[in-house]
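What follows is a short report on a single structure.
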Amino acid sequence: MGCVKDHDVVRSFCYWKTDLYFQEEDDSLISKIGIKHMYVRFFDIDWNPYSKEALPVATINNVWFNENTPEITPSIFITNDVVLNTNKKQLDTLAIRIAKRVQEVGQKIIERKAERIASGIVYPKDYYKQKDYKSLNYDSIRLLELAKLKVDFKEILIDCDWTEKSRKNYFYLLEKVKNQFPDAKIAATIRLWQYKYATKAGTPPVDKGLLMCYNISKPDDLQTKNSIGTSNELQQYITHSDYKLKLDVALPLYSWAVVFRGNQFKGILSDYGNILNDTIKLKKVSDGKYLLQDDILVGQTYLRNGDEIRIEKISDAELEKMISIIKSKIAIDNQTKITFFSFDKKYIKDYGIQNISKYYESF
């Protein structure tokens, strides 16, 4: 008899842009893949060296879903500088600022939702063809709908690559953030080194962790094969199964081009599709490595003849191997969120809806 799986994981994605305005095509991808949850980057916290304080920056402008709204977990990225440079009093203030900013973005979300519902009531499909169509007052219906909604997040994710040095301050901040959200679970991202060396890195005082299984090595090293990750590297980190927090899992679903000039790292291009198809200007040297045969402009980046380009993408087979490694050490159940970074039509089309569904099913 075959083994019967007793769980279906929560299908999740990370959304990491400064504007979220979903069109019909995005909605259709959400329902075809069966996405039930999204980590949405609400804002970052960075250290301001002039005012010597930690401040929210790069707040998301718009959050506009249509019909298929998945559950949202607000995600806040905090630089390590923030936790290294702040004292306890400043961290107390920062926790309050975080809660206030989450509330503000949450308010925008429910206002957009009320607008969408009101539009559907006031202007039903083909309303202009209906003889007995009676115009309703949009504003009063919008306000009525808004009164029914409230900002209510079940979980807040704090994302920070803390170090041994910043750990004490960071864990203190997490406790203060937890106090600000009494009705929500607090989650923290766990980098692979923090998982492997948990005794050294410490376990954050949160309800659960999100294990980040990508960006395993440095892209600026010429010797690196694939900085997004390989199953061999992942295996070197996921060496035990006794991490103290319940874990959700994040995997990579993106690709990029890493550029070197004369062995010097020149940067990363995410929009490299067009040059890849140009076999005259781009000469394949080995698997995933190319040499530029001309000076070209890619977006805002000027590339020169002779630049070496390394295309990084995780293959189907590699992803399946990574999933096996994770499953061998980490408990997965029907509450586990399996999330892919990141929600972008380009990457989803590249990997394919069927393949993505298959990855979720592999858990």
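Residues are named by chain letter and number: chains run A, B, ... in the order of the structure tokens, numbers start at 1 in each chain, and ligands are numbered from 1 in the order shown.
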Those of stretch 44-114 of chain A in DSSP alpha helix (DSSP H), formatted as an NGL selection string:
:A and (80-85 or 88-114)
Those same residues, written as a CSV table (one decimal), in the first residue's frame with N, CA, C and O atoms?
chain,number,residue,atom,x,y,z
A,80,ASN,N,20.2,45.1,10.6
A,80,ASN,CA,20.9,44.7,11.8
A,80,ASN,C,21.5,46.0,12.5
A,80,ASN,O,21.6,46.0,13.7
A,81,ASP,N,21.8,47.0,11.7
A,81,ASP,CA,22.3,48.3,12.2
A,81,ASP,C,21.3,48.9,13.3
A,81,ASP,O,21.7,49.5,14.3
A,82,VAL,N,20.0,48.7,13.0
A,82,VAL,CA,19.0,49.2,13.9
A,82,VAL,C,19.2,48.6,15.3
A,82,VAL,O,19.2,49.3,16.3
A,83,VAL,N,19.2,47.3,15.3
A,83,VAL,CA,19.3,46.7,16.6
A,83,VAL,C,20.7,46.8,17.3
A,83,VAL,O,20.8,46.7,18.5
A,84,LEU,N,21.7,47.0,16.5
A,84,LEU,CA,23.0,47.3,17.1
A,84,LEU,C,23.2,48.6,17.7
A,84,LEU,O,23.8,48.8,18.7
A,85,ASN,N,22.5,49.6,17.1
A,85,ASN,CA,22.7,51.0,17.5
A,85,ASN,C,21.7,51.6,18.5
A,85,ASN,O,21.8,52.7,19.1
A,88,LYS,N,17.6,50.6,25.0
A,88,LYS,CA,16.2,50.0,25.3
A,88,LYS,C,15.1,51.0,25.2
A,88,LYS,O,14.0,50.7,24.7
A,89,LYS,N,15.4,52.2,25.6
A,89,LYS,CA,14.3,53.3,25.5
A,89,LYS,C,13.9,53.5,24.1
A,89,LYS,O,12.7,53.6,23.7
A,90,GLN,N,14.9,53.5,23.2
A,90,GLN,CA,14.6,53.7,21.7
A,90,GLN,C,13.8,52.5,21.2
A,90,GLN,O,13.0,52.6,20.3
A,91,LEU,N,14.2,51.3,21.7
A,91,LEU,CA,13.5,50.1,21.2
A,91,LEU,C,12.0,50.1,21.7
A,91,LEU,O,11.2,49.6,21.0
A,92,ASP,N,11.8,50.6,22.9
A,92,ASP,CA,10.4,50.7,23.4
A,92,ASP,C,9.6,51.6,22.4
A,92,ASP,O,8.5,51.3,22.0
A,93,THR,N,10.2,52.7,22.0
A,93,THR,CA,9.5,53.7,21.1
A,93,THR,C,9.4,53.0,19.7
A,93,THR,O,8.3,53.2,19.1
A,94,LEU,N,10.4,52.3,19.3
A,94,LEU,CA,10.3,51.6,18.0
A,94,LEU,C,9.2,50.6,17.9
A,94,LEU,O,8.4,50.6,16.9
A,95,ALA,N,8.9,49.9,19.0
A,95,ALA,CA,7.8,48.9,19.0
A,95,ALA,C,6.5,49.6,18.8
A,95,ALA,O,5.6,49.1,18.1
A,96,ILE,N,6.4,50.8,19.4
A,96,ILE,CA,5.1,51.5,19.3
A,96,ILE,C,5.0,52.0,17.9
A,96,ILE,O,3.9,52.0,17.3
A,97,ARG,N,6.1,52.5,17.3
A,97,ARG,CA,6.1,53.0,15.9
A,97,ARG,C,5.7,51.9,14.9
A,97,ARG,O,5.0,52.1,13.9
A,98,ILE,N,6.2,50.7,15.2
A,98,ILE,CA,5.9,49.6,14.3
A,98,ILE,C,4.4,49.3,14.3
A,98,ILE,O,3.8,49.2,13.3
A,99,ALA,N,3.9,49.2,15.5
A,99,ALA,CA,2.4,48.9,15.7
A,99,ALA,C,1.6,50.0,15.0
A,99,ALA,O,0.6,49.7,14.3
A,100,LYS,N,2.0,51.3,15.1
A,100,LYS,CA,1.2,52.4,14.6
A,100,LYS,C,1.2,52.3,13.0
A,100,LYS,O,0.2,52.4,12.4
A,101,ARG,N,2.4,52.0,12.5
A,101,ARG,CA,2.5,51.9,11.0
A,101,ARG,C,1.8,50.7,10.5
A,101,ARG,O,1.2,50.8,9.4
A,102,VAL,N,1.8,49.6,11.2
A,102,VAL,CA,1.1,48.4,10.7
A,102,VAL,C,-0.4,48.7,10.7
A,102,VAL,O,-1.2,48.4,9.7
A,103,GLN,N,-0.9,49.4,11.7
A,103,GLN,CA,-2.3,49.8,11.8
A,103,GLN,C,-2.7,50.8,10.7
A,103,GLN,O,-3.7,50.6,10.0
A,104,GLU,N,-1.8,51.7,10.3
A,104,GLU,CA,-2.1,52.7,9.2
A,104,GLU,C,-2.2,51.9,7.9
A,104,GLU,O,-3.1,52.2,7.1
A,105,VAL,N,-1.3,51.0,7.6
A,105,VAL,CA,-1.4,50.2,6.3
A,105,VAL,C,-2.6,49.3,6.4
A,105,VAL,O,-3.3,49.2,5.4
A,106,GLY,N,-2.9,48.7,7.5
A,106,GLY,CA,-4.1,47.9,7.7
A,106,GLY,C,-5.3,48.7,7.4
A,106,GLY,O,-6.3,48.2,6.8
A,107,GLN,N,-5.4,49.9,7.9
A,107,GLN,CA,-6.5,50.8,7.6
A,107,GLN,C,-6.7,51.0,6.1
A,107,GLN,O,-7.8,51.0,5.6
A,108,LYS,N,-5.6,51.2,5.4
A,108,LYS,CA,-5.7,51.4,4.0
A,108,LYS,C,-6.3,50.2,3.3
A,108,LYS,O,-7.1,50.3,2.4
A,109,ILE,N,-5.9,49.0,3.8
A,109,ILE,CA,-6.4,47.8,3.2
A,109,ILE,C,-7.9,47.7,3.3
A,109,ILE,O,-8.6,47.3,2.4
A,110,ILE,N,-8.4,47.9,4.6
A,110,ILE,CA,-9.8,47.8,4.7
A,110,ILE,C,-10.6,48.9,4.0
A,110,ILE,O,-11.7,48.7,3.6
A,111,GLU,N,-10.0,50.1,3.9
A,111,GLU,CA,-10.7,51.1,3.1
A,111,GLU,C,-10.8,50.7,1.6
A,111,GLU,O,-11.9,50.9,1.0
A,112,ARG,N,-9.7,50.1,1.1
A,112,ARG,CA,-9.8,49.6,-0.3
A,112,ARG,C,-10.9,48.5,-0.5
A,112,ARG,O,-11.6,48.4,-1.4
A,113,LYS,N,-10.9,47.7,0.6
A,113,LYS,CA,-11.9,46.6,0.5
A,113,LYS,C,-13.3,47.1,0.5
A,113,LYS,O,-14.2,46.7,-0.2
A,114,ALA,N,-13.6,48.1,1.4
A,114,ALA,CA,-14.9,48.7,1.4
A,114,ALA,C,-15.2,49.4,0.1
A,114,ALA,O,-16.4,49.3,-0.4
Contacts of stretch 136-142 of chain A at 6 Å or less, counting only C-alpha atoms, minus same-chain residues fewer than 6 places along, as a VMD selection string?
chain A and resid 114 to 115 118 122
Can you pull out the residues contacting stretch 279-288 of chain A? Cut-off 6 Å, using only C-alpha atoms, and skip same-chain residues under 3 positions away; I want them as a PyMOL selection string.
chain A and resi 291-294+310-311
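In terms of minimum interatomic distance to A:Asp26, A:Pro70 ranks closest within A:Pro70, A:Gly120, A:Gly267, A:Pro219, counting only C-alpha atoms.
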Could I get the residues of stretch 226-272 of chain A with an atom no further than 7 Å from an atom of stretch 317-333 of chain A, each paired with its nearest atom pair and that distance in Å to one decimal, using only C-alpha atoms, sorted by chain and residue number, as JSON lines?
{"residue": "A:Thr230", "atom": "CA", "partner": "A:Glu318", "partner_atom": "CA", "distance": 6.8}
{"residue": "A:Ser231", "atom": "CA", "partner": "A:Met322", "partner_atom": "CA", "distance": 5.0}
{"residue": "A:Leu234", "atom": "CA", "partner": "A:Met322", "partner_atom": "CA", "distance": 6.9}
{"residue": "A:Gln235", "atom": "CA", "partner": "A:Ile325", "partner_atom": "CA", "distance": 6.4}
{"residue": "A:His240", "atom": "CA", "partner": "A:Lys329", "partner_atom": "CA", "distance": 6.2}
{"residue": "A:Ser241", "atom": "CA", "partner": "A:Lys329", "partner_atom": "CA", "distance": 4.7}
Output all heavy atoms for every residue in the selection just made, as a PDB file, in the first residue's frame.
ATOM      1  N   THR A 230      21.756  25.784  -3.252  1.00  0.00           N
ATOM      2  CA  THR A 230      21.828  24.436  -3.832  1.00  0.00           C
ATOM      3  C   THR A 230      21.420  23.453  -2.742  1.00  0.00           C
ATOM      4  O   THR A 230      21.514  23.763  -1.552  1.00  0.00           O
ATOM      5  CB  THR A 230      23.271  24.094  -4.287  1.00  0.00           C
ATOM      6  OG1 THR A 230      24.114  24.057  -3.123  1.00  0.00           O
ATOM      7  CG2 THR A 230      23.824  25.091  -5.283  1.00  0.00           C
ATOM      8  N   SER A 231      20.997  22.270  -3.156  1.00  0.00           N
ATOM      9  CA  SER A 231      20.556  21.279  -2.164  1.00  0.00           C
ATOM     10  C   SER A 231      21.739  20.829  -1.300  1.00  0.00           C
ATOM     11  O   SER A 231      21.580  20.563  -0.109  1.00  0.00           O
ATOM     12  CB  SER A 231      19.896  20.087  -2.856  1.00  0.00           C
ATOM     13  OG  SER A 231      20.768  19.534  -3.802  1.00  0.00           O
ATOM     14  N   LEU A 234      22.192  23.421   1.379  1.00  0.00           N
ATOM     15  CA  LEU A 234      21.074  23.362   2.323  1.00  0.00           C
ATOM     16  C   LEU A 234      21.262  22.215   3.299  1.00  0.00           C
ATOM     17  O   LEU A 234      21.042  22.355   4.507  1.00  0.00           O
ATOM     18  CB  LEU A 234      19.749  23.213   1.552  1.00  0.00           C
ATOM     19  CG  LEU A 234      18.476  23.310   2.389  1.00  0.00           C
ATOM     20  CD1 LEU A 234      18.295  24.712   2.966  1.00  0.00           C
ATOM     21  CD2 LEU A 234      17.237  22.945   1.578  1.00  0.00           C
ATOM     22  N   GLN A 235      21.734  21.071   2.780  1.00  0.00           N
ATOM     23  CA  GLN A 235      21.952  19.889   3.620  1.00  0.00           C
ATOM     24  C   GLN A 235      22.984  20.152   4.725  1.00  0.00           C
ATOM     25  O   GLN A 235      22.909  19.589   5.809  1.00  0.00           O
ATOM     26  CB  GLN A 235      22.438  18.733   2.733  1.00  0.00           C
ATOM     27  CG  GLN A 235      22.402  17.399   3.435  1.00  0.00           C
ATOM     28  CD  GLN A 235      21.924  16.299   2.500  1.00  0.00           C
ATOM     29  OE1 GLN A 235      22.137  16.351   1.308  1.00  0.00           O
ATOM     30  NE2 GLN A 235      21.268  15.294   3.062  1.00  0.00           N
ATOM     31  N   HIS A 240      19.863  19.098  12.011  1.00  0.00           N
ATOM     32  CA  HIS A 240      19.208  18.547  13.208  1.00  0.00           C
ATOM     33  C   HIS A 240      17.704  18.822  13.133  1.00  0.00           C
ATOM     34  O   HIS A 240      17.246  19.562  12.269  1.00  0.00           O
ATOM     35  CB  HIS A 240      19.799  19.186  14.477  1.00  0.00           C
ATOM     36  CG  HIS A 240      19.592  20.676  14.541  1.00  0.00           C
ATOM     37  ND1 HIS A 240      18.458  21.248  15.072  1.00  0.00           N
ATOM     38  CD2 HIS A 240      20.376  21.719  14.124  1.00  0.00           C
ATOM     39  CE1 HIS A 240      18.553  22.573  14.984  1.00  0.00           C
ATOM     40  NE2 HIS A 240      19.696  22.882  14.413  1.00  0.00           N
ATOM     41  N   SER A 241      16.966  18.231  14.047  1.00  0.00           N
ATOM     42  CA  SER A 241      15.510  18.443  14.002  1.00  0.00           C
ATOM     43  C   SER A 241      14.990  18.918  15.356  1.00  0.00           C
ATOM     44  O   SER A 241      13.832  18.742  15.684  1.00  0.00           O
ATOM     45  CB  SER A 241      14.813  17.149  13.591  1.00  0.00           C
ATOM     46  OG  SER A 241      15.247  16.106  14.428  1.00  0.00           O
TER      47      SER A 241
END
